[in-house]
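Pasting query-v7.csv here (CSV, C-alpha atoms):
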chain,number,residue,atom,x,y,z
A,72,MET,CA,0.0,0.0,0.0
A,73,ARG,CA,1.0,3.6,-0.6
A,74,TYR,CA,0.1,6.4,1.9
A,75,ARG,CA,-0.2,10.1,1.7
A,76,ARG,CA,-0.3,12.8,4.3
A,77,PHE,CA,-4.0,13.6,4.8
A,78,GLY,CA,-3.6,17.4,5.0
A,79,ARG,CA,-3.3,19.0,8.4
A,80,THR,CA,-4.8,16.0,10.2
A,81,GLU,CA,-1.2,14.5,9.7
A,82,LEU,CA,-2.9,11.1,9.3
A,83,SER,CA,-1.0,8.7,7.0
A,84,MET,CA,-3.8,7.9,4.7
A,85,PRO,CA,-3.8,4.9,2.3
A,86,VAL,CA,-4.4,6.0,-1.3
A,87,PHE,CA,-7.4,3.7,-1.3
A,88,SER,CA,-10.1,3.7,1.3
A,89,CYS,CA,-12.7,1.1,2.2
A,90,GLY,CA,-16.1,2.7,1.6
A,91,GLY,CA,-18.9,1.3,3.6
A,92,MET,CA,-22.1,1.7,1.5
A,93,ARG,CA,-22.1,-1.6,-0.5
A,94,TYR,CA,-21.4,-4.5,1.8
A,95,GLN,CA,-24.1,-3.7,4.4
A,96,PHE,CA,-27.3,-5.8,4.6
A,97,LYS,CA,-29.9,-3.0,4.4
A,98,TRP,CA,-30.2,0.7,3.8
A,99,GLN,CA,-32.6,0.9,6.7
A,100,ASP,CA,-31.8,0.4,10.4
A,101,ILE,CA,-32.9,-3.0,11.6
A,102,PRO,CA,-32.1,-5.0,14.8
A,103,LYS,CA,-28.7,-6.7,14.7
A,104,ALA,CA,-30.4,-10.1,15.2
A,105,GLN,CA,-32.1,-9.8,11.8
A,106,ILE,CA,-28.9,-9.4,9.9
A,107,PRO,CA,-28.1,-12.8,8.1
A,108,ALA,CA,-24.9,-14.5,9.2
A,109,ASP,CA,-23.7,-14.9,5.7
A,110,ASN,CA,-24.0,-11.1,5.1
A,111,GLN,CA,-22.1,-10.4,8.3
A,112,SER,CA,-19.4,-12.9,7.4
A,113,ASN,CA,-18.9,-11.3,4.0
A,114,LEU,CA,-18.6,-7.8,5.5
A,115,GLU,CA,-16.1,-9.1,8.0
A,116,ALA,CA,-14.1,-10.9,5.3
A,117,THR,CA,-14.1,-7.6,3.3
A,118,ILE,CA,-12.7,-5.6,6.3
A,119,GLU,CA,-10.1,-8.3,7.0
A,120,ARG,CA,-9.0,-8.2,3.3
A,121,SER,CA,-8.9,-4.4,3.4
A,122,LEU,CA,-6.7,-4.3,6.5
A,123,ALA,CA,-4.5,-7.2,5.1
A,124,VAL,CA,-3.6,-5.1,2.1
A,125,GLY,CA,-2.9,-2.0,4.1
A,126,ILE,CA,-6.3,-0.2,3.6
A,127,ASN,CA,-6.8,0.9,7.2
A,128,HIS,CA,-9.2,3.7,6.5
A,129,ILE,CA,-12.8,2.5,7.0
A,130,GLU,CA,-15.4,5.0,5.9
A,131,THR,CA,-19.1,4.8,6.5
A,132,ALA,CA,-22.1,7.0,7.5
A,133,ARG,CA,-25.1,7.0,9.7
A,134,GLY,CA,-27.2,7.2,6.5
A,135,TYR,CA,-25.8,3.8,5.3
A,136,GLY,CA,-28.4,1.7,7.1
A,137,THR,CA,-26.8,-1.3,8.9
A,138,SER,CA,-23.3,-0.5,7.8
A,139,GLU,CA,-22.2,1.1,11.2
A,140,ILE,CA,-23.8,-1.6,13.4
A,141,GLN,CA,-22.2,-4.4,11.3
A,142,LEU,CA,-18.8,-2.7,11.4
A,143,GLY,CA,-19.3,-2.5,15.2
A,144,GLU,CA,-19.1,-6.3,15.3
A,145,ILE,CA,-15.6,-6.4,13.8
A,146,LEU,CA,-13.7,-3.1,14.3
A,147,PRO,CA,-13.1,-3.5,18.1
A,148,ARG,CA,-11.2,-6.7,17.3
A,149,PHE,CA,-8.3,-4.7,15.8
A,150,PRO,CA,-5.8,-2.4,17.6
A,151,ARG,CA,-7.6,0.9,17.6
A,152,GLU,CA,-4.4,2.9,16.8
A,153,LYS,CA,-4.0,0.9,13.6
A,154,LEU,CA,-7.4,2.1,12.2
A,155,ILE,CA,-8.6,5.3,10.7
A,156,VAL,CA,-12.4,5.3,11.1
A,157,GLN,CA,-14.7,7.8,9.5
A,158,THR,CA,-18.4,8.2,9.8
A,159,LYS,CA,-20.7,10.9,8.4
A,160,VAL,CA,-23.8,12.5,9.9
A,161,SER,CA,-26.2,14.7,8.0
A,162,PRO,CA,-26.8,18.2,9.4
A,163,LYS,CA,-29.7,18.4,11.8
A,164,PRO,CA,-32.2,21.2,12.7
A,165,THR,CA,-31.0,21.3,16.3
A,166,ALA,CA,-27.6,20.8,18.0
A,167,GLN,CA,-29.2,18.2,20.3
A,168,GLU,CA,-30.4,16.1,17.5
A,169,PHE,CA,-27.1,16.2,15.8
A,170,ARG,CA,-25.3,15.2,19.0
A,171,GLN,CA,-27.7,12.3,19.6
A,172,THR,CA,-27.1,11.0,16.0
A,173,VAL,CA,-23.3,11.2,16.4
A,174,GLU,CA,-23.6,9.3,19.7
A,175,GLN,CA,-25.7,6.7,18.0
A,176,SER,CA,-23.0,6.3,15.4
A,177,LEU,CA,-20.4,5.8,18.0
A,178,LYS,CA,-22.6,3.3,19.8
A,179,ASN,CA,-23.2,1.4,16.6
A,180,LEU,CA,-19.5,1.3,15.7
A,181,ASN,CA,-18.7,0.1,19.2
A,182,LEU,CA,-15.9,2.7,19.4
A,183,GLU,CA,-14.9,5.3,22.0
A,184,TYR,CA,-14.0,7.8,19.2
A,185,VAL,CA,-13.9,8.2,15.4
A,186,ASP,CA,-10.9,9.7,13.7
A,187,LEU,CA,-12.9,11.6,11.1
A,188,LEU,CA,-16.4,12.9,11.5
A,189,GLY,CA,-18.0,14.3,8.3
A,190,PHE,CA,-21.0,16.6,8.0
A,191,HIS,CA,-22.7,14.5,5.4
A,192,GLY,CA,-24.1,16.0,2.2
A,193,ILE,CA,-23.4,19.8,2.4
A,194,ASN,CA,-25.0,20.2,-1.0
A,195,THR,CA,-26.8,23.5,-0.6
A,196,PRO,CA,-26.1,26.9,1.0
A,197,GLU,CA,-28.8,26.3,3.6
A,198,LEU,CA,-27.2,23.1,4.8
A,199,LEU,CA,-23.8,24.8,5.1
A,200,GLU,CA,-25.5,27.5,7.2
A,201,ASP,CA,-27.1,24.8,9.4
A,202,VAL,CA,-23.6,23.5,10.1
A,203,LEU,CA,-21.9,26.9,10.7
A,204,ARG,CA,-24.6,28.8,12.6
A,205,PRO,CA,-23.7,29.6,16.2
A,206,GLY,CA,-24.6,26.8,18.5
A,207,GLY,CA,-25.3,24.5,15.5
A,208,CYS,CA,-23.7,21.3,14.3
A,209,LEU,CA,-20.2,22.6,14.0
A,210,ALA,CA,-20.3,23.7,17.7
A,211,VAL,CA,-21.3,20.1,18.6
A,212,GLY,CA,-18.5,18.8,16.6
A,213,ARG,CA,-16.0,21.0,18.4
A,214,GLN,CA,-17.4,19.9,21.7
A,215,LEU,CA,-17.0,16.3,20.7
A,216,GLN,CA,-13.4,17.0,19.8
A,217,ARG,CA,-12.8,18.4,23.3
A,218,GLU,CA,-14.3,15.3,24.8
A,219,GLY,CA,-12.0,13.1,22.8
A,220,ARG,CA,-14.9,11.5,20.9
A,221,VAL,CA,-13.9,12.9,17.5
A,222,ARG,CA,-10.4,13.8,16.2
A,223,PHE,CA,-11.0,15.7,13.0
A,224,LEU,CA,-14.0,17.4,11.3
A,225,GLY,CA,-14.7,17.5,7.6
A,226,PHE,CA,-17.6,17.4,5.2
A,227,SER,CA,-18.8,15.4,2.2
A,228,THR,CA,-20.6,17.0,-0.7
A,229,HIS,CA,-22.4,16.5,-4.0
A,230,GLY,CA,-22.9,20.2,-4.3
A,231,PRO,CA,-21.8,22.7,-7.0
A,232,THR,CA,-18.2,23.7,-7.1
A,233,ASP,CA,-18.7,27.3,-5.9
A,234,LEU,CA,-20.5,26.0,-2.8
A,235,ILE,CA,-17.7,23.6,-2.0
A,236,VAL,CA,-15.1,26.4,-2.4
A,237,THR,CA,-17.2,28.6,-0.1
A,238,ALA,CA,-17.3,25.8,2.6
A,239,ILE,CA,-13.5,25.2,2.3
A,240,ALA,CA,-12.8,28.9,2.5
A,241,THR,CA,-14.4,29.1,6.0
A,242,GLY,CA,-11.3,27.3,7.3
A,243,GLU,CA,-13.5,25.2,9.7
A,244,PHE,CA,-12.9,21.8,8.1
A,245,ASP,CA,-9.9,19.5,8.1
A,246,TYR,CA,-10.8,17.5,5.1
A,247,VAL,CA,-13.4,17.1,2.3
A,248,ASN,CA,-15.1,14.2,0.5
A,249,LEU,CA,-16.0,15.2,-3.0
A,250,HIS,CA,-16.5,14.0,-6.6
A,251,TRP,CA,-13.6,14.3,-9.1
A,252,TYR,CA,-12.4,11.8,-11.7
A,253,TYR,CA,-11.6,11.7,-15.4
A,254,ILE,CA,-15.1,12.1,-16.7
A,255,PHE,CA,-16.0,14.8,-14.1
A,256,GLN,CA,-13.2,17.3,-13.4
A,257,ASN,CA,-15.4,20.3,-12.6
A,258,ASN,CA,-14.4,20.2,-8.9
A,259,TRP,CA,-10.7,20.8,-9.5
A,260,PRO,CA,-10.9,24.4,-8.2
A,261,ALA,CA,-12.3,23.0,-4.9
A,262,ILE,CA,-9.3,20.6,-4.7
A,263,VAL,CA,-6.9,23.5,-5.2
A,264,ALA,CA,-8.8,25.4,-2.5
A,265,ALA,CA,-8.5,22.4,-0.2
A,266,GLN,CA,-4.8,22.2,-0.8
A,267,GLN,CA,-4.4,25.9,0.1
A,268,GLN,CA,-6.2,25.2,3.4
A,269,ASP,CA,-4.0,22.1,3.9
A,270,MET,CA,-7.1,19.8,4.0
A,271,GLY,CA,-7.3,16.2,3.3
A,272,VAL,CA,-9.0,15.3,0.0
A,273,PHE,CA,-11.0,12.1,-0.3
A,274,ILE,CA,-12.6,11.2,-3.7
A,275,ILE,CA,-16.1,9.8,-3.6
A,276,SER,CA,-17.1,6.8,-5.7
A,277,PRO,CA,-14.6,7.0,-8.5
A,278,ALA,CA,-15.5,3.6,-9.9
A,279,ASP,CA,-19.3,3.9,-9.8
A,280,LYS,CA,-20.1,7.6,-10.2
A,281,GLY,CA,-16.9,7.8,-12.3
A,282,GLY,CA,-18.6,5.8,-15.0
A,283,LYS,CA,-19.8,2.4,-13.7
A,284,LEU,CA,-16.2,1.3,-14.4
A,285,TYR,CA,-16.8,-2.2,-13.0
A,286,GLU,CA,-19.0,-2.7,-16.1
A,287,PRO,CA,-17.2,-0.7,-18.8
A,288,PRO,CA,-18.3,-0.6,-22.4
A,289,GLN,CA,-16.0,-2.2,-25.0
A,290,ARG,CA,-15.1,1.1,-26.5
A,291,LEU,CA,-13.8,2.4,-23.2
A,292,ARG,CA,-11.9,-0.8,-22.6
A,293,GLU,CA,-10.1,-0.3,-25.9
A,294,LEU,CA,-9.3,3.3,-25.3
A,295,CYS,CA,-7.9,2.7,-21.9
A,296,ALA,CA,-5.7,-0.3,-22.8
A,297,PRO,CA,-3.4,-1.6,-21.5
A,298,LEU,CA,-5.1,-0.6,-18.3
A,299,THR,CA,-8.7,-1.4,-17.5
A,300,PRO,CA,-11.0,1.7,-17.3
A,301,MET,CA,-11.1,1.3,-13.5
A,302,GLN,CA,-7.3,1.2,-13.3
A,303,PHE,CA,-6.9,4.2,-15.7
A,304,ASN,CA,-9.3,6.3,-13.6
A,305,ALA,CA,-7.6,5.4,-10.4
A,306,LEU,CA,-4.1,6.2,-11.8
A,307,PHE,CA,-5.4,9.4,-13.3
A,308,CYS,CA,-6.8,10.6,-10.0
A,309,LEU,CA,-3.7,9.5,-8.0
A,310,SER,CA,-1.3,11.1,-10.5
A,311,HIS,CA,-2.4,14.4,-8.9
A,312,PRO,CA,-0.7,14.7,-5.5
A,313,GLN,CA,-3.4,17.0,-4.3
A,314,VAL,CA,-5.7,13.9,-4.1
A,315,HIS,CA,-5.0,11.8,-1.1
A,316,THR,CA,-7.3,8.8,-1.2
A,317,LEU,CA,-9.9,7.2,-3.5
A,318,SER,CA,-12.9,5.3,-2.1
A,319,ILE,CA,-13.4,1.7,-3.0
A,320,GLY,CA,-17.0,0.8,-2.4
A,321,ALA,CA,-16.2,-2.9,-1.8
A,322,ALA,CA,-19.1,-5.3,-1.7
A,323,CYS,CA,-16.8,-8.4,-1.2
A,324,PRO,CA,-13.2,-9.1,-0.5
A,325,GLY,CA,-12.2,-9.4,-4.2
A,326,ASP,CA,-13.3,-5.9,-5.0
A,327,PHE,CA,-10.0,-4.5,-4.0
A,328,ASP,CA,-7.9,-6.5,-6.4
A,329,GLU,CA,-8.2,-4.5,-9.6
A,330,HIS,CA,-7.4,-1.3,-7.8
A,331,LEU,CA,-4.3,-2.8,-6.1
A,332,GLN,CA,-2.7,-3.4,-9.5
A,333,VAL,CA,-2.4,0.4,-9.9
A,334,LEU,CA,0.0,0.7,-7.0
A,335,PRO,CA,3.2,-0.4,-8.9
A,336,LEU,CA,2.3,2.1,-11.6
A,337,LEU,CA,2.2,5.3,-9.5
A,338,ASP,CA,5.8,6.3,-10.1
A,339,GLN,CA,5.4,6.0,-13.9
A,340,ALA,CA,1.9,7.5,-13.9
A,341,ASP,CA,2.5,10.4,-16.3
A,342,GLU,CA,4.3,8.2,-18.9
A,343,ILE,CA,1.5,5.5,-18.7
A,344,LEU,CA,-1.3,8.0,-18.8
A,345,ALA,CA,-0.2,10.2,-21.7
A,346,PRO,CA,-1.1,8.0,-24.7
A,347,ILE,CA,-4.4,7.0,-23.0
A,348,LEU,CA,-5.4,10.6,-22.4
A,349,GLN,CA,-4.6,11.4,-26.0
A,350,ARG,CA,-6.7,8.6,-27.3
A,351,LEU,CA,-9.7,9.5,-25.1
A,352,GLU,CA,-9.6,13.1,-26.2
A,353,ALA,CA,-9.2,12.2,-29.9
A,354,ALA,CA,-12.1,9.7,-29.6
A,355,ALA,CA,-14.4,12.3,-28.1
A,356,ILE,CA,-13.5,14.9,-30.7
A,357,ALA,CA,-14.1,12.3,-33.5
A,358,ARG,CA,-17.7,11.7,-32.4
A,359,LEU,CA,-18.7,15.1,-30.9
A,360,GLY,CA,-16.7,17.5,-33.1
A,361,GLU,CA,-13.9,19.7,-31.8
A,362,GLU,CA,-15.9,22.9,-31.5
A,363,TRP,CA,-18.6,21.2,-29.3
A,364,TYR,CA,-16.0,19.3,-27.3
A,365,ARG,CA,-14.2,22.5,-26.4
A,366,THR,CA,-17.1,24.8,-25.9
A,367,TRP,CA,-20.3,22.9,-25.0
A,368,HIS,CA,-20.2,23.9,-21.4
A,369,ILE,CA,-19.8,27.7,-21.9
A,370,GLY,CA,-22.7,29.9,-20.7
A,371,LEU,CA,-25.0,27.1,-19.5
A,372,PRO,CA,-27.5,28.0,-16.8
A,373,SER,CA,-27.9,26.1,-13.6
A,374,TYR,CA,-31.1,24.1,-13.2
A,375,ASP,CA,-32.6,26.7,-10.8
A,376,GLN,CA,-32.2,29.3,-13.5
A,377,THR,CA,-33.9,27.1,-16.2
A,378,PRO,CA,-37.6,26.8,-17.0
A,379,GLY,CA,-38.9,23.5,-15.7
A,380,GLY,CA,-35.8,23.1,-13.5
A,381,ILE,CA,-34.1,21.2,-16.4
A,382,ASN,CA,-30.5,20.4,-15.5
A,383,ILE,CA,-29.0,21.3,-18.9
A,384,PRO,CA,-25.3,21.0,-18.0
A,385,THR,CA,-25.7,17.6,-16.5
A,386,ILE,CA,-27.9,16.3,-19.4
A,387,LEU,CA,-25.5,17.5,-22.1
A,388,TRP,CA,-22.6,16.1,-20.1
A,389,LEU,CA,-24.2,12.6,-19.9
A,390,ARG,CA,-25.1,12.8,-23.6
A,391,ASN,CA,-21.5,13.6,-24.5
A,392,LEU,CA,-20.3,10.6,-22.5
A,393,ALA,CA,-22.8,8.3,-24.1
A,394,ILE,CA,-21.8,9.4,-27.6
A,395,ALA,CA,-18.0,9.7,-27.0
A,396,TYR,CA,-17.3,6.6,-25.0
A,397,ASP,CA,-20.5,4.5,-25.2
A,398,LEU,CA,-21.2,5.2,-21.6
A,399,VAL,CA,-24.9,4.7,-22.2
A,400,GLU,CA,-25.8,2.6,-19.2
A,401,TYR,CA,-24.0,5.0,-16.9
A,402,GLY,CA,-25.8,7.9,-18.6
A,403,LYS,CA,-29.2,6.2,-18.1
A,404,MET,CA,-28.4,5.5,-14.4
A,405,ARG,CA,-27.6,9.2,-13.8
A,406,TYR,CA,-30.1,10.8,-16.2
A,407,ASN,CA,-33.1,8.9,-14.8
A,408,LEU,CA,-32.1,9.9,-11.2
A,409,LEU,CA,-32.9,13.6,-12.2
A,410,GLY,CA,-36.1,14.7,-10.6
A,411,ASN,CA,-35.8,12.1,-7.9
A,412,GLY,CA,-32.4,12.8,-6.4
A,413,GLY,CA,-33.2,15.8,-4.2
A,414,HIS,CA,-30.3,18.0,-3.3
A,415,TRP,CA,-27.9,15.1,-3.9
A,416,PHE,CA,-28.5,15.2,-7.7
A,417,PRO,CA,-30.8,18.1,-8.4
A,418,GLY,CA,-32.8,19.3,-11.4
A,419,ASN,CA,-35.1,17.6,-13.8
A,420,ARG,CA,-34.8,15.5,-17.0
A,421,ALA,CA,-35.6,16.9,-20.5
A,422,ASP,CA,-38.8,14.9,-21.0
A,423,ARG,CA,-40.8,18.2,-21.0
A,424,VAL,CA,-38.3,20.4,-22.7
A,425,GLN,CA,-40.5,21.2,-25.7
A,426,GLU,CA,-43.0,22.8,-23.3
A,427,PHE,CA,-40.5,25.6,-22.4
A,428,ASP,CA,-38.8,28.5,-24.2
A,429,LEU,CA,-35.2,28.2,-23.3
A,430,ARG,CA,-33.9,31.2,-25.3
A,431,SER,CA,-33.6,33.6,-22.4
A,432,CYS,CA,-31.6,31.2,-20.2
A,433,LEU,CA,-29.3,30.2,-23.0
A,434,VAL,CA,-28.3,33.7,-24.1
A,435,HIS,CA,-24.7,33.2,-23.0
A,436,SER,CA,-24.2,29.9,-24.8
A,437,PRO,CA,-22.5,29.8,-28.2
A,438,HIS,CA,-24.8,26.8,-29.0
A,439,ALA,CA,-28.1,28.2,-27.9
A,440,ASP,CA,-29.8,27.5,-31.2
A,441,LYS,CA,-29.2,23.8,-31.1
A,442,ILE,CA,-29.3,22.9,-27.4
A,443,PRO,CA,-33.1,22.4,-27.2
A,444,ALA,CA,-32.9,19.7,-30.0
A,445,LEU,CA,-29.9,18.1,-28.2
A,446,LEU,CA,-31.9,17.9,-25.0
A,447,VAL,CA,-34.6,16.1,-26.9
A,448,ASP,CA,-32.0,13.8,-28.4
A,449,ALA,CA,-30.5,13.1,-24.9
A,450,HIS,CA,-33.9,12.1,-23.5
A,451,ALA,CA,-34.4,9.8,-26.5
A,452,ARG,CA,-31.0,8.2,-25.8
A,453,LEU,CA,-31.1,8.0,-22.1
A,454,GLY,CA,-34.7,8.3,-20.9
A,455,GLY,CA,-36.3,5.3,-19.1
A,456,THR,CA,-37.6,4.3,-15.8
A,457,THR,CA,-36.9,6.7,-13.0
A,458,VAL,CA,-34.1,5.7,-10.7
A,459,GLN,CA,-33.8,6.1,-6.9
A,460,ARG,CA,-30.8,6.8,-4.9
A,461,LEU,CA,-29.5,3.7,-3.2
A,462,SER,CA,-30.5,5.1,0.2
A,463,GLN,CA,-34.1,5.3,-1.0
A,464,SER,CA,-34.2,1.6,-2.0

Could you spell out this file's structure in C-alpha cells?
Amino acid sequence: MRYRRFGRTELSMPVFSCGGMRYQFKWQDIPKAQIPADNQSNLEATIERSLAVGINHIETARGYGTSEIQLGEILPRFPREKLIVQTKVSPKPTAQEFRQTVEQSLKNLNLEYVDLLGFHGINTPELLEDVLRPGGCLAVGRQLQREGRVRFLGFSTHGPTDLIVTAIATGEFDYVNLHWYYIFQNNWPAIVAAQQQDMGVFIISPADKGGKLYEPPQRLRELCAPLTPMQFNALFCLSHPQVHTLSIGAACPGDFDEHLQVLPLLDQADEILAPILQRLEAAAIARLGEEWYRTWHIGLPSYDQTPGGINIPTILWLRNLAIAYDLVEYGKMRYNLLGNGGHWFPGNRADRVQEFDLRSCLVHSPHADKIPALLVDAHARLGGTTVQRLSQS
C-alpha cells in the first residue's frame, strides 16, 4: 500500500479507502439479530481483506443503514491505533439532534471515538448555514473533539463547485469528501482550494459515479488499454498529489484486487497515462466534433435558472459521455435519477423540454440555437424508468 499525508490531520492515509455503503445488509436500520450470518461474514471478510492489504481507512455513514452496526461487530477486534475510522452524519435542525445522532453512530460502531467525523451532504447553502450557525452542528463537533470522541472534522458534498469552495474557505474543516475523476473534473478548483487550506482530499465513488467502471463498455476498454478503465481512472486521480485517497465501495473481498494493481504504476503515472489521455480526447472529438467538445459547457444556466428546472449542463454532459465513450448505461443511471435525487443530484430531466422557451436562459451559450434539440435527443437516448438513490431503495 502507498500512503499520503491527509492534510493538516497529519494522518498517514492509504491511497485507497474502504467505503462502507455496499457491503451492508440494508439501507434501513434493523435489529442486529435480523442481519443474516452470511452477510455479516462477507462484511467481516471484506474488512479483513482491506486491512490485510494496508487499507486501514474504513469509511461509513449514519445514513448507510446497517453499515455502522455491522462494522461495530468487527472493528473492536483490531488495535484501535491501527485504524482510521470515519463516519458521516447529516446536518440536523438542532444541536441536540445532531449530537444524539453522532452518539448513536459511536454506539453502533462500538468505538470510543472516530478519527474523522464528516458533515454529510453539504449540498446547498442552507445546509452549510445549518452547520456553521452559532450553537449548531459545528459547535457540537467542536465539543465532541474536546471530549475526545472525534479527532477531526470534515464534510462530504455532492454540491456545486462554488458552494464547495465557499465551505472550504471558512477554514473550519480538516478534510473534504468530493467527486472528481476523469469524466468529471469540474471540482478541480475545490481541490486546489482544499490544498491551500491544507485539507485532506477524499474522492467519492470514482469507480461507480466515475462511469460504472466495473461494467465498462468495450469502446472504453479499448481506449484505456493496456489498463482497464477502472485502473486508468484510479491512476489518473492519484497522479495528482493534491488527491490523497480514493474510495473503493467494496461489496466483497475481491473488489480491492483490480485497484491494487495500480500501486506499482504510480511512479510512472505520467508516462503511462499520456497515450491513453490522447486517445480519449481524440475519440471524443471524432464523435462530438472539436468545437462542441471544447465549448459545449460555456454559458449554460444552472437548473434553478432554467424553465422546468431542467438540468441542462448535466444532461448535455451525460449525452457527451454516451456518444463519445458508449457510456450509455452510466448515462441512463444518472439521467433517470434527475427529478428524484433531491439536493444530492438536483434538477429535472428533459422529457418536457418542448414545453418551455429556453432562449432567455441560453443567451450566453454559443450553442443556444441547437441545445433544445440536443436535449430532446438526450432524452431519447437516455430516458427510461426513474431511478432512486441507493439510500431510498

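Reported to one decimal place, the separation of atom CA of Met404 of chain A from atom CA of Leu291 of chain A is 17.3 Å.
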
Residues near segment 374-391 of chain A, anyone? I mean within 8 Å using only C-alpha atoms, not counting same-chain ones fewer than 5 positions away, as a ChimeraX atom specification. /A:359,368,402,405-406,409,417-421,423-424,427-429,432,445-446,449,452-453

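For the residues A:Gly454, A:Gly413, A:Gly192, A:Pro372, ranking by smallest atom-to-atom distance to Leu433 of chain A using all atoms listed in the file places A:Pro372 first.
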
So how far away is atom CA of Asp233 of chain A from atom CA of Ala444 of chain A, in Å? 29.0 Å

Atom CA of Arg222 of chain A and atom CA of Leu198 of chain A, how far apart in Å? 22.3 Å

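Within 10 Å of segment 338-345 of chain A there are Cys295, Pro297, Leu298, Phe303, Asn304, Leu306, Phe307, Leu309, Ser310, His311, Val333 and Arg350 of chain A, counting all atoms listed in the file and ignoring same-chain residues fewer than 5 positions away.
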
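By only C-alpha atoms, and with residues fewer than 6 positions from Leu209 of chain A along its chain excluded, the set lying at most 10 Å from it is Pro162, Ala166, Phe169, Phe190, Leu199, Glu200, Asp201, Val202, Leu203, Leu215, Leu224, Gly225, Glu243 and Phe244 of chain A.
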
For the point (-25.5, 5.5, 7.6) in file coordinates, what residues are within 10 Å, counting all atoms listed in the file? Give the answer as a tab-separated table (two decimals) with C-alpha atoms, in the coordinates of the input?
chain	number	residue	atom	x	y	z
A	91	GLY	CA	-18.90	1.30	3.60
A	92	MET	CA	-22.10	1.70	1.50
A	95	GLN	CA	-24.10	-3.70	4.40
A	98	TRP	CA	-30.20	0.70	3.80
A	99	GLN	CA	-32.60	0.90	6.70
A	100	ASP	CA	-31.80	0.40	10.40
A	131	THR	CA	-19.10	4.80	6.50
A	132	ALA	CA	-22.10	7.00	7.50
A	133	ARG	CA	-25.10	7.00	9.70
A	134	GLY	CA	-27.20	7.20	6.50
A	135	TYR	CA	-25.80	3.80	5.30
A	136	GLY	CA	-28.40	1.70	7.10
A	137	THR	CA	-26.80	-1.30	8.90
A	138	SER	CA	-23.30	-0.50	7.80
A	139	GLU	CA	-22.20	1.10	11.20
A	140	ILE	CA	-23.80	-1.60	13.40
A	158	THR	CA	-18.40	8.20	9.80
A	159	LYS	CA	-20.70	10.90	8.40
A	160	VAL	CA	-23.80	12.50	9.90
A	161	SER	CA	-26.20	14.70	8.00
A	176	SER	CA	-23.00	6.30	15.40
A	191	HIS	CA	-22.70	14.50	5.40
A	462	SER	CA	-30.50	5.10	0.20

Which residues, protein or nucleic acid, reach to within 9 Å of (-15.4, -0.6, -4.3) in the file's coordinates when using all atoms listed in the file, and can you give that as a count of residues only? 19

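Across A:Gly410, A:Pro287, A:Pro312, A:Pro335, the tightest approach to Met72 of chain A is made by A:Pro335 when counting all atoms listed in the file.
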
Once you count only C-alpha atoms, what closest atom pair and distance in Å to one decimal does each residue of segment 152-205 of chain A within 12 Å of segment 250-271 of chain A have, with rows by chain and rising residue number, as JSON lines?
{"residue": "A:Leu187", "atom": "CA", "partner": "A:Gly271", "partner_atom": "CA", "distance": 10.6}
{"residue": "A:Gly189", "atom": "CA", "partner": "A:Gly271", "partner_atom": "CA", "distance": 12.0}
{"residue": "A:Gly192", "atom": "CA", "partner": "A:His250", "partner_atom": "CA", "distance": 11.8}
{"residue": "A:Asn194", "atom": "CA", "partner": "A:His250", "partner_atom": "CA", "distance": 11.9}

Please determine, counting all atoms listed in the file, which residue among A:Asn179, A:Arg290, A:Glu197, A:Val211 has the shortest atom-to-atom distance to Glu144 of chain A. A:Asn179

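Between Thr195 of chain A and the candidates A:Asn113, A:Ser121, A:Phe273, A:His414, the tightest atom-to-atom separation, counting only C-alpha atoms, involves A:His414.
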